[in-house]
file input_34.cif (mmCIF, C-alpha atoms)
data_input
#
loop_
_atom_site.label_atom_id
_atom_site.label_comp_id
_atom_site.auth_asym_id
_atom_site.auth_seq_id
_atom_site.Cartn_x
_atom_site.Cartn_y
_atom_site.Cartn_z
CA MET A 1 31.90 -57.51 1.93
CA ARG A 2 33.13 -61.10 1.73
CA THR A 3 31.20 -63.43 -0.55
CA PRO A 4 29.67 -66.74 0.51
CA ARG A 5 32.06 -68.51 -1.86
CA LYS A 6 35.04 -67.30 0.15
CA MET A 7 33.43 -68.50 3.35
CA ALA A 8 32.82 -72.02 2.06
CA ALA A 9 36.40 -73.21 2.46
CA LEU A 10 36.49 -71.97 6.03
CA VAL A 11 33.61 -74.16 7.20
CA THR A 12 34.76 -77.31 5.43
CA ALA A 13 36.75 -78.30 8.49
CA GLY A 14 33.62 -77.93 10.57
CA VAL A 15 31.69 -80.25 8.28
CA ALA A 16 34.46 -82.83 8.53
CA ALA A 17 34.52 -82.54 12.30
CA LEU A 18 30.80 -83.16 12.49
CA ALA A 19 31.19 -86.30 10.40
CA LEU A 20 33.96 -87.57 12.67
CA SER A 21 31.81 -87.01 15.76
CA GLY A 22 28.89 -88.97 14.30
CA LEU A 23 27.28 -92.08 15.72
CA THR A 24 29.20 -95.34 16.02
CA VAL A 25 26.46 -97.45 14.55
CA GLY A 26 28.54 -100.59 14.05
CA SER A 27 29.54 -101.03 17.68
CA ALA A 28 26.10 -100.01 18.92
CA ALA A 29 24.47 -102.87 17.02
CA ALA A 30 26.16 -105.44 19.26
CA ALA A 31 25.23 -103.77 22.56
CA GLU A 32 21.93 -103.64 24.41
CA PRO A 33 20.74 -100.11 25.24
CA ILE A 34 20.20 -99.22 28.88
CA ALA A 35 17.56 -96.67 27.95
CA GLN A 36 16.32 -94.74 24.97
CA ILE A 37 13.98 -92.05 23.79
CA PRO A 38 13.29 -92.83 20.13
CA ASP A 39 11.36 -89.61 19.56
CA LEU A 40 12.15 -86.44 21.46
CA THR A 41 9.21 -84.05 21.86
CA GLY A 42 9.59 -80.41 23.01
CA GLN A 43 10.57 -78.24 24.62
CA SER A 44 13.56 -75.91 24.07
CA SER A 45 17.29 -75.32 24.17
CA SER A 46 18.34 -71.85 25.24
CA VAL A 47 21.58 -69.97 25.82
CA ALA A 48 22.05 -67.14 28.30
CA LEU A 49 24.44 -65.03 26.25
CA ASP A 50 27.78 -64.19 27.83
CA GLU A 51 28.70 -60.50 28.13
CA GLY A 52 31.99 -61.21 26.38
CA PHE A 53 30.14 -62.53 23.34
CA THR A 54 27.55 -59.77 23.20
CA GLY A 55 30.29 -57.21 23.79
CA ALA A 56 32.31 -58.59 20.89
CA LEU A 57 29.29 -58.35 18.60
CA GLU A 58 28.63 -54.80 19.72
CA SER A 59 32.23 -53.72 19.13
CA LEU A 60 32.00 -55.15 15.62
CA GLU A 61 28.64 -53.43 15.06
CA VAL A 62 27.07 -56.83 14.43
CA THR A 63 23.41 -57.09 15.39
CA PRO A 64 22.04 -60.47 16.53
CA GLY A 65 18.51 -61.53 15.65
CA THR A 66 16.31 -64.58 15.59
CA ILE A 67 14.87 -66.74 12.83
CA GLY A 68 11.67 -68.79 12.78
CA GLY A 69 10.46 -69.93 16.18
CA ALA A 70 13.54 -68.69 18.04
CA SER A 71 13.26 -65.90 20.59
CA LEU A 72 15.72 -63.42 22.10
CA GLU A 73 14.62 -61.98 25.42
CA ASN A 74 16.42 -60.69 28.52
CA GLY A 75 19.81 -61.69 27.16
CA SER A 76 18.84 -65.27 26.40
CA VAL A 77 18.20 -66.85 23.01
CA SER A 78 15.91 -69.87 22.82
CA PHE A 79 15.27 -72.47 20.11
CA PRO A 80 12.31 -74.91 20.10
CA ILE A 81 13.14 -78.61 20.09
CA THR A 82 11.50 -80.24 17.06
CA GLY A 83 12.71 -83.83 17.27
CA GLY A 84 15.58 -86.22 17.68
CA ASN A 85 16.46 -89.31 19.66
CA VAL A 86 18.79 -90.54 22.37
CA THR A 87 20.14 -94.00 23.19
CA VAL A 88 22.23 -94.79 26.28
CA TYR A 89 24.52 -97.83 26.60
CA GLU A 90 26.48 -99.25 29.50
CA PRO A 91 29.77 -97.30 29.66
CA GLY A 92 32.56 -99.32 28.09
CA THR A 93 30.33 -101.32 25.74
CA VAL A 94 29.96 -98.62 23.10
CA ASN A 95 32.05 -95.58 22.28
CA PRO A 96 30.53 -93.05 22.77
CA TYR A 97 28.02 -94.64 25.13
CA VAL A 98 25.52 -91.78 24.71
CA GLN A 99 24.33 -91.47 21.12
CA GLY A 100 21.67 -89.55 19.26
CA ARG A 101 20.71 -86.03 18.29
CA ILE A 102 18.43 -83.22 19.38
CA GLU A 103 16.98 -81.15 16.55
CA HIS A 104 15.84 -77.54 16.28
CA ASN A 105 14.54 -77.31 12.72
CA GLY A 106 13.08 -74.07 11.39
CA SER A 107 14.76 -71.69 13.81
CA GLY A 108 18.12 -70.07 14.31
CA LEU A 109 20.27 -67.01 14.88
CA SER A 110 21.07 -64.18 12.49
CA LEU A 111 24.09 -61.87 12.59
CA THR A 112 23.85 -58.68 10.55
CA LYS A 113 26.29 -55.89 9.76
CA GLY A 114 25.49 -53.43 7.00
CA ASP A 115 24.52 -55.40 3.92
CA THR A 116 26.02 -58.66 5.23
CA ARG A 117 23.67 -61.10 6.93
CA VAL A 118 24.84 -64.49 8.18
CA GLU A 119 22.21 -67.00 9.29
CA LEU A 120 22.86 -70.04 11.51
CA THR A 121 19.84 -72.34 11.50
CA ASP A 122 18.51 -75.87 12.01
CA PHE A 123 20.71 -76.62 15.01
CA VAL A 124 21.52 -80.22 15.92
CA ILE A 125 23.10 -81.14 19.25
CA ASP A 126 25.29 -84.25 19.19
CA PRO A 127 25.90 -85.53 22.74
CA GLY A 128 28.83 -87.70 21.66
CA ASN A 129 32.57 -87.24 22.09
CA PRO A 130 33.18 -84.40 21.55
CA ALA A 131 29.78 -82.85 22.21
CA THR A 132 28.94 -80.31 19.53
CA LEU A 133 26.20 -78.17 18.08
CA SER A 134 26.03 -78.02 14.29
CA GLY A 135 23.84 -76.07 11.93
CA LYS A 136 23.22 -74.73 8.47
CA VAL A 137 25.16 -71.62 7.44
CA THR A 138 23.92 -69.11 4.87
CA ALA A 139 25.24 -65.70 3.88
CA ASN A 140 23.00 -63.19 2.13
CA GLY A 141 20.61 -65.99 1.22
CA GLN A 142 23.23 -68.33 -0.26
CA THR A 143 24.06 -71.63 1.44
CA VAL A 144 27.63 -71.84 2.66
CA ALA A 145 27.30 -75.21 4.42
CA ASP A 146 24.33 -77.49 5.01
CA SER A 147 25.87 -78.72 8.25
CA ALA A 148 28.92 -77.32 10.02
CA VAL A 149 30.10 -77.51 13.63
CA LEU A 150 29.31 -74.09 15.08
CA PHE A 151 29.70 -74.51 18.83
CA ASP A 152 31.62 -76.77 21.18
CA LEU A 153 29.76 -77.91 24.31
CA ASP A 154 31.52 -78.28 27.67
CA GLY A 155 29.52 -80.35 30.15
CA SER A 156 32.06 -80.03 32.99
CA THR A 157 30.13 -76.98 34.26
CA LEU A 158 26.76 -78.75 34.20
CA GLN A 159 24.55 -78.41 37.27
CA PRO A 160 22.42 -81.23 38.77
CA ILE A 161 19.33 -82.14 36.80
CA GLN A 162 16.00 -80.77 38.02
CA THR A 163 12.82 -82.69 37.26
CA ASP A 164 9.21 -81.64 37.63
CA ALA A 165 6.81 -84.57 37.69
CA ALA A 166 3.78 -82.28 37.59
CA GLU A 167 4.99 -80.54 34.45
CA GLY A 168 6.52 -83.69 33.00
CA THR A 169 9.85 -82.02 32.24
CA ALA A 170 13.56 -82.36 32.99
CA THR A 171 15.78 -79.29 33.02
CA LEU A 172 19.54 -79.25 32.64
CA THR A 173 21.51 -76.05 32.86
CA GLY A 174 25.14 -75.03 33.10
CA THR A 175 26.69 -76.43 29.91
CA THR A 176 29.19 -73.88 28.57
CA VAL A 177 28.79 -73.08 24.87
CA ARG A 178 31.93 -71.98 23.03
CA LEU A 179 32.47 -70.82 19.46
CA SER A 180 34.17 -73.41 17.28
CA GLY A 181 37.28 -72.62 15.27
CA SER A 182 35.53 -73.05 11.94
CA ALA A 183 32.67 -70.78 12.98
CA ALA A 184 35.08 -68.11 14.22
CA ASP A 185 36.97 -68.21 10.93
CA ALA A 186 33.77 -67.97 8.92
CA LEU A 187 32.50 -64.98 10.90
CA ASN A 188 35.84 -63.21 10.64
CA GLN A 189 35.78 -63.74 6.90
CA ALA A 190 32.18 -62.62 6.56
CA PHE A 191 32.60 -59.43 8.56
CA ASP A 192 36.15 -58.68 7.40
CA THR A 193 37.78 -58.82 10.83
CA ASP A 194 40.09 -60.94 12.97
CA ALA A 195 38.44 -60.09 16.28
CA VAL A 196 36.27 -63.22 16.61
CA ARG A 197 38.28 -65.87 18.41
CA SER A 198 37.92 -69.63 18.54
CA GLY A 199 36.82 -70.80 21.97
CA LEU A 200 34.99 -67.56 22.75
CA THR A 201 32.37 -68.29 25.39
CA VAL A 202 28.97 -67.73 23.81
CA GLY A 203 26.97 -68.44 26.96
CA THR A 204 25.44 -71.02 29.25
CA ALA A 205 22.93 -73.51 27.91
CA THR A 206 19.68 -74.73 29.42
CA ILE A 207 17.83 -77.67 27.90
CA VAL A 208 14.23 -78.46 28.84
CA VAL A 209 12.93 -81.79 27.53
CA ASN A 210 9.67 -83.62 28.08
CA LEU A 211 10.17 -86.64 30.32
CA PRO A 212 9.82 -90.08 28.78
CA GLY A 213 6.24 -91.27 28.85
CA GLN A 214 4.04 -93.81 27.21
CA GLY A 215 4.79 -93.75 23.50
CA SER A 216 7.69 -91.29 23.78
CA GLY A 217 10.36 -93.14 25.71
CA GLN A 218 11.09 -96.50 27.21
CA MET A 219 13.12 -98.14 29.92
CA PRO A 220 14.14 -101.81 29.93
CA GLY A 221 11.81 -104.01 31.94
CA GLY A 222 9.05 -101.47 31.81
CA THR A 223 10.67 -99.17 34.38
CA GLY A 224 10.91 -95.50 33.61
CA ALA A 225 9.98 -93.53 36.70
CA MET A 226 11.84 -90.24 36.94
CA PRO A 227 12.67 -89.09 40.46
CA GLU A 228 11.41 -85.62 41.21
CA GLY A 229 13.83 -82.90 42.33
CA GLY A 230 17.60 -82.74 41.87
CA VAL A 231 19.86 -85.59 40.84
CA ASP A 232 23.63 -85.27 41.06
CA THR A 233 25.35 -85.46 37.72
CA GLY A 234 28.76 -85.06 36.19
CA GLY A 235 30.15 -83.63 32.99
CA GLY A 236 32.82 -84.71 30.57
CA SER A 237 32.80 -86.88 27.50
CA THR A 238 30.82 -90.03 26.80
CA ALA A 239 33.75 -91.90 25.31
CA GLY A 240 34.05 -94.23 28.28
CA GLY A 241 36.79 -94.48 30.87
CA LEU A 242 36.85 -90.76 31.69
CA ASP A 243 33.58 -90.39 33.56
CA ILE A 244 30.60 -92.70 33.63
CA ALA A 245 28.15 -89.94 34.56
CA LEU A 246 25.50 -89.97 31.90
CA LEU A 247 25.69 -86.31 30.97
CA SER A 248 27.81 -85.14 28.10
CA GLY A 249 28.09 -81.54 27.01
CA GLY A 250 24.83 -82.02 25.12
CA ALA A 251 23.12 -82.77 28.44
CA LEU A 252 20.81 -85.44 27.06
CA ALA A 253 21.92 -88.74 28.55
CA LEU A 254 20.36 -88.41 31.97
CA ILE A 255 17.06 -87.49 30.41
CA ALA A 256 17.28 -90.58 28.23
CA ALA A 257 17.96 -92.76 31.25
CA GLY A 258 14.97 -91.32 33.05
CA GLY A 259 17.22 -90.27 35.92
CA VAL A 260 17.41 -93.81 37.22
CA LEU A 261 20.84 -94.79 35.95
CA ALA A 262 22.41 -91.51 37.02
CA ALA A 263 21.16 -92.05 40.55
CA ARG A 264 22.85 -95.45 40.55
CA ARG A 265 26.11 -94.13 39.12
CA ARG A 266 26.62 -90.97 41.14
CA ALA A 267 28.57 -92.65 43.96
CA PRO A 268 32.37 -92.07 43.70
CA GLY A 269 32.97 -95.80 43.72
CA ALA A 270 31.04 -96.15 40.49
CA ARG A 271 33.72 -94.38 38.44
CA ARG A 272 35.97 -96.39 36.18
#
call {"tool": "encode", "arguments": {"input": "input_34.cif", "output": "structure tokens"}}
result
Amino acid sequence: MRTPRKMAALVTAGVAALALSGLTVGSAAAAEPIAQIPDLTGQSSSVALDEGFTGALESLEVTPGTIGGASLENGSVSFPITGGNVTVYEPGTVNPYVQGRIEHNGSGLSLTKGDTRVELTDFVIDPGNPATLSGKVTANGQTVADSAVLFDLDGSTLQPIQTDAAEGTATLTGTTVRLSGSAADALNQAFDTDAVRSGLTVGTATIVVNLPGQGSGQMPGGTGAMPEGGVDTGGGSTAGGLDIALLSGGALALIAAGGVLAARRRAPGARR
């Protein structure tokens, strides 16, 4: 069995990557937000696990489990949203133009083989460029990293947003979740194998968030109506110049904009 100490060096790169993908606070201060949700409330982020990922775990005799409020049912693992915030800027004024975080404190995923148990908890989605999901890593109860990039998020496969005015929710599904290089290295080290590969597709993400409402979100000029039904969206980064669609891999920007800006930007002529 590999010790947590030996794993620590392998996730250092992930910690550094998370720092590099952090918010560009300096440039944001000079720009006026288009829309923002200062306090995210509910509901959940879930991943429909890919057969390749579950098959790899099975071949390694690694058993997945859940921690805290997470659930694993019918091949999908779900984590409650506990907080966070999102701010959206006009593309080109701030890089990345979608900033913030979506938090899942107190829950996570466990991976167990024999007497080795790795826990990935307290997930944070960063919708920036690149879009990532980070979390705390522990092995047999010892902290390996307080925050390391665990998964890379690819929004190019994202489907149109679906909103439900009656339920007060917006649902985004289709983001592809892939294992980061640092996470793959750490798992290989922990389970004494070289079978876990960087870029392995973990599954397809679905994020359900409460729509902005009085006291939870705001739109400039007092407008914040969310159109019901589907709204066309696009994937890619939020670094500006590549695609002005408001959805990054983290799938939060359109929710932050209340659907209004995405409806304005979805025409082909709106691209820069």
call {"tool": "closest_residue", "arguments": {"input": "input_34.cif", "among": "A:Leu49, A:Val196, A:Ile67, A:Val118", "to": "Val177 of chain A", "atoms": "all atoms listed in the file"}}
result
A:Leu49
call {"tool": "residues_around", "arguments": {"input": "input_34.cif", "residues": "Leu158 of chain A", "least_positions_apart": "3", "cutoff": "6 Å", "atoms": "all atoms listed in the file", "output": "ChimeraX atom specification"}}
result
/A:155,174-175
call {"tool": "closest_residue", "arguments": {"input": "input_34.cif", "among": "A:Gln159, A:Gly52, A:Ser59, A:Pro64", "to": "Gly199 of chain A", "atoms": "only C-alpha atoms"}}
result
A:Gly52
call {"tool": "atom_distance", "arguments": {"input": "input_34.cif", "atom1": "atom CA of Ala31 of chain A", "atom2": "atom CA of Asn95 of chain A"}}
result
10.7 Å
call {"tool": "resolve_selection", "arguments": {"input": "input_34.cif", "expression": "the PyMOL selection byres ((chain A and resi 133) around 8)", "output": "ChimeraX atom specification"}}
result
/A:123-126,131-132,134-135,149-153
call {"tool": "axis_aligned_box", "arguments": {"input": "input_34.cif", "around": "segment 110-124 of chain A", "padding_each_side": "8 Å", "output": "JSON"}}
result
{"center_x": 22.4, "center_y": -66.8, "center_z": 9.9, "size_x": 23.8, "size_y": 42.8, "size_z": 28.0}
call {"tool": "resolve_selection", "arguments": {"input": "input_34.cif", "expression": "the PyMOL selection byres ((chain A and resi 86) around 7)", "output": "list of chain:residue names"}}
result
A:Gln36, A:Ile37, A:Pro38, A:Asn85, A:Thr87, A:Val88, A:Gln99, A:Gly100, A:Arg101, A:Ala256
call {"tool": "resolve_selection", "arguments": {"input": "input_34.cif", "expression": "the PyMOL selection byres ((chain A and resi 203) around 7)", "output": "PyMOL selection string"}}
result
chain A and resi 47-50+176-177+201-202+204-205
call {"tool": "residues_around", "arguments": {"input": "input_34.cif", "residues": "Ala139 of chain A", "least_positions_apart": "3", "cutoff": "7 Å", "atoms": "all atoms listed in the file", "output": "short mmCIF file (atom, residue, chain, number, x, y, z; two decimals) with C-alpha atoms, in the coordinates of the input"}}
result
data_model
loop_
_atom_site.label_atom_id
_atom_site.label_comp_id
_atom_site.auth_asym_id
_atom_site.auth_seq_id
_atom_site.Cartn_x
_atom_site.Cartn_y
_atom_site.Cartn_z
CA PRO A 4 29.67 -66.74 0.51
CA ARG A 117 23.67 -61.10 6.93
CA VAL A 118 24.84 -64.49 8.18
CA GLU A 119 22.21 -67.00 9.29
CA GLN A 142 23.23 -68.33 -0.26
CA THR A 143 24.06 -71.63 1.44
CA VAL A 144 27.63 -71.84 2.66
#
call {"tool": "closest_residue", "arguments": {"input": "input_34.cif", "among": "A:Phe53, A:Ser45, A:Ile34, A:Val208", "to": "Ala184 of chain A", "atoms": "only C-alpha atoms"}}
result
A:Phe53
call {"tool": "closest_residue", "arguments": {"input": "input_34.cif", "among": "A:Gly181, A:Asn210, A:Ala148, A:Leu109", "to": "Ser198 of chain A", "atoms": "only C-alpha atoms"}}
result
A:Gly181
call {"tool": "residues_near_point", "arguments": {"input": "input_34.cif", "point": "(11.0, -83.9, 29.8)", "cutoff": "8 Å", "atoms": "all atoms listed in the file", "output": "JSON, numbers by chain"}}
result
{"A": [42, 43, 163, 168, 169, 170, 171, 208, 209, 210, 211, 212, 255]}
call {"tool": "decode", "arguments": {"input": "input_34.cif", "residues": "segment 141-175 of chain A", "atoms": "N, CA and C atoms", "output": "short mmCIF file (atom, residue, chain, number, x, y, z; two decimals), in the first residue's frame"}}
result
data_model
loop_
_atom_site.label_atom_id
_atom_site.label_comp_id
_atom_site.auth_asym_id
_atom_site.auth_seq_id
_atom_site.Cartn_x
_atom_site.Cartn_y
_atom_site.Cartn_z
N GLY A 141 -7.57 8.52 5.92
CA GLY A 141 -7.80 9.51 6.97
C GLY A 141 -6.79 10.62 7.04
N GLN A 142 -5.74 10.60 6.23
CA GLN A 142 -4.72 11.64 6.26
C GLN A 142 -4.87 12.54 5.03
N THR A 143 -4.81 13.84 5.25
CA THR A 143 -4.98 14.80 4.16
C THR A 143 -3.77 14.80 3.25
N VAL A 144 -4.04 14.57 1.96
CA VAL A 144 -3.00 14.63 0.94
C VAL A 144 -2.94 16.03 0.33
N ALA A 145 -4.11 16.60 0.06
CA ALA A 145 -4.19 17.96 -0.49
C ALA A 145 -5.52 18.57 -0.09
N ASP A 146 -5.49 19.81 0.38
CA ASP A 146 -6.73 20.49 0.74
C ASP A 146 -7.54 20.86 -0.49
N SER A 147 -6.85 21.12 -1.60
CA SER A 147 -7.54 21.47 -2.84
C SER A 147 -6.65 21.10 -4.02
N ALA A 148 -7.12 20.16 -4.82
CA ALA A 148 -6.39 19.74 -6.01
C ALA A 148 -7.37 19.58 -7.17
N VAL A 149 -6.91 19.89 -8.38
CA VAL A 149 -7.76 19.71 -9.55
C VAL A 149 -7.93 18.22 -9.80
N LEU A 150 -9.17 17.76 -9.75
CA LEU A 150 -9.47 16.34 -9.89
C LEU A 150 -10.03 16.00 -11.26
N PHE A 151 -10.87 16.88 -11.79
CA PHE A 151 -11.53 16.60 -13.06
C PHE A 151 -11.48 17.83 -13.97
N ASP A 152 -11.32 17.57 -15.26
CA ASP A 152 -11.42 18.61 -16.27
C ASP A 152 -12.82 18.55 -16.87
N LEU A 153 -13.40 19.73 -17.15
CA LEU A 153 -14.78 19.82 -17.61
C LEU A 153 -14.82 20.34 -19.05
N ASP A 154 -15.45 19.58 -19.93
CA ASP A 154 -15.54 19.92 -21.34
C ASP A 154 -16.98 20.30 -21.68
N GLY A 155 -17.20 21.60 -21.89
CA GLY A 155 -18.55 22.09 -22.17
C GLY A 155 -18.94 22.01 -23.63
N SER A 156 -18.07 21.51 -24.52
CA SER A 156 -18.42 21.45 -25.94
C SER A 156 -19.54 20.46 -26.22
N THR A 157 -19.80 19.55 -25.27
CA THR A 157 -20.86 18.55 -25.45
C THR A 157 -22.15 18.96 -24.73
N LEU A 158 -22.18 20.17 -24.21
CA LEU A 158 -23.33 20.63 -23.42
C LEU A 158 -24.59 20.75 -24.26
N GLN A 159 -25.70 20.32 -23.72
CA GLN A 159 -27.00 20.41 -24.38
C GLN A 159 -27.69 21.72 -24.00
N PRO A 160 -28.73 22.13 -24.76
CA PRO A 160 -29.45 23.37 -24.42
C PRO A 160 -30.00 23.33 -23.00
N ILE A 161 -30.01 24.51 -22.38
CA ILE A 161 -30.53 24.62 -21.03
C ILE A 161 -32.03 24.35 -21.02
N GLN A 162 -32.51 23.74 -19.96
CA GLN A 162 -33.94 23.54 -19.75
C GLN A 162 -34.34 24.22 -18.45
N THR A 163 -35.35 25.07 -18.52
CA THR A 163 -35.81 25.76 -17.32
C THR A 163 -37.24 25.35 -16.99
N ASP A 164 -37.55 25.39 -15.72
CA ASP A 164 -38.88 25.05 -15.25
C ASP A 164 -39.33 26.16 -14.31
N ALA A 165 -40.17 27.04 -14.82
CA ALA A 165 -40.61 28.18 -14.02
C ALA A 165 -41.40 27.74 -12.81
N ALA A 166 -42.18 26.67 -12.96
CA ALA A 166 -43.00 26.20 -11.84
C ALA A 166 -42.13 25.69 -10.70
N GLU A 167 -41.07 24.98 -11.06
CA GLU A 167 -40.17 24.44 -10.04
C GLU A 167 -39.10 25.46 -9.63
N GLY A 168 -38.91 26.48 -10.45
CA GLY A 168 -37.90 27.49 -10.15
C GLY A 168 -36.49 26.98 -10.32
N THR A 169 -36.26 26.13 -11.34
CA THR A 169 -34.94 25.53 -11.53
C THR A 169 -34.48 25.68 -12.98
N ALA A 170 -33.17 25.60 -13.15
CA ALA A 170 -32.54 25.50 -14.47
C ALA A 170 -31.68 24.25 -14.47
N THR A 171 -31.76 23.49 -15.55
CA THR A 171 -31.01 22.23 -15.64
C THR A 171 -30.11 22.26 -16.86
N LEU A 172 -28.85 21.94 -16.64
CA LEU A 172 -27.87 21.86 -17.71
C LEU A 172 -27.23 20.48 -17.67
N THR A 173 -27.23 19.81 -18.80
CA THR A 173 -26.67 18.47 -18.85
C THR A 173 -25.84 18.31 -20.11
N GLY A 174 -24.88 17.41 -20.07
CA GLY A 174 -24.07 17.11 -21.25
C GLY A 174 -22.60 17.42 -21.10
N THR A 175 -22.20 18.17 -20.08
CA THR A 175 -20.79 18.46 -19.88
C THR A 175 -20.02 17.16 -19.62
#
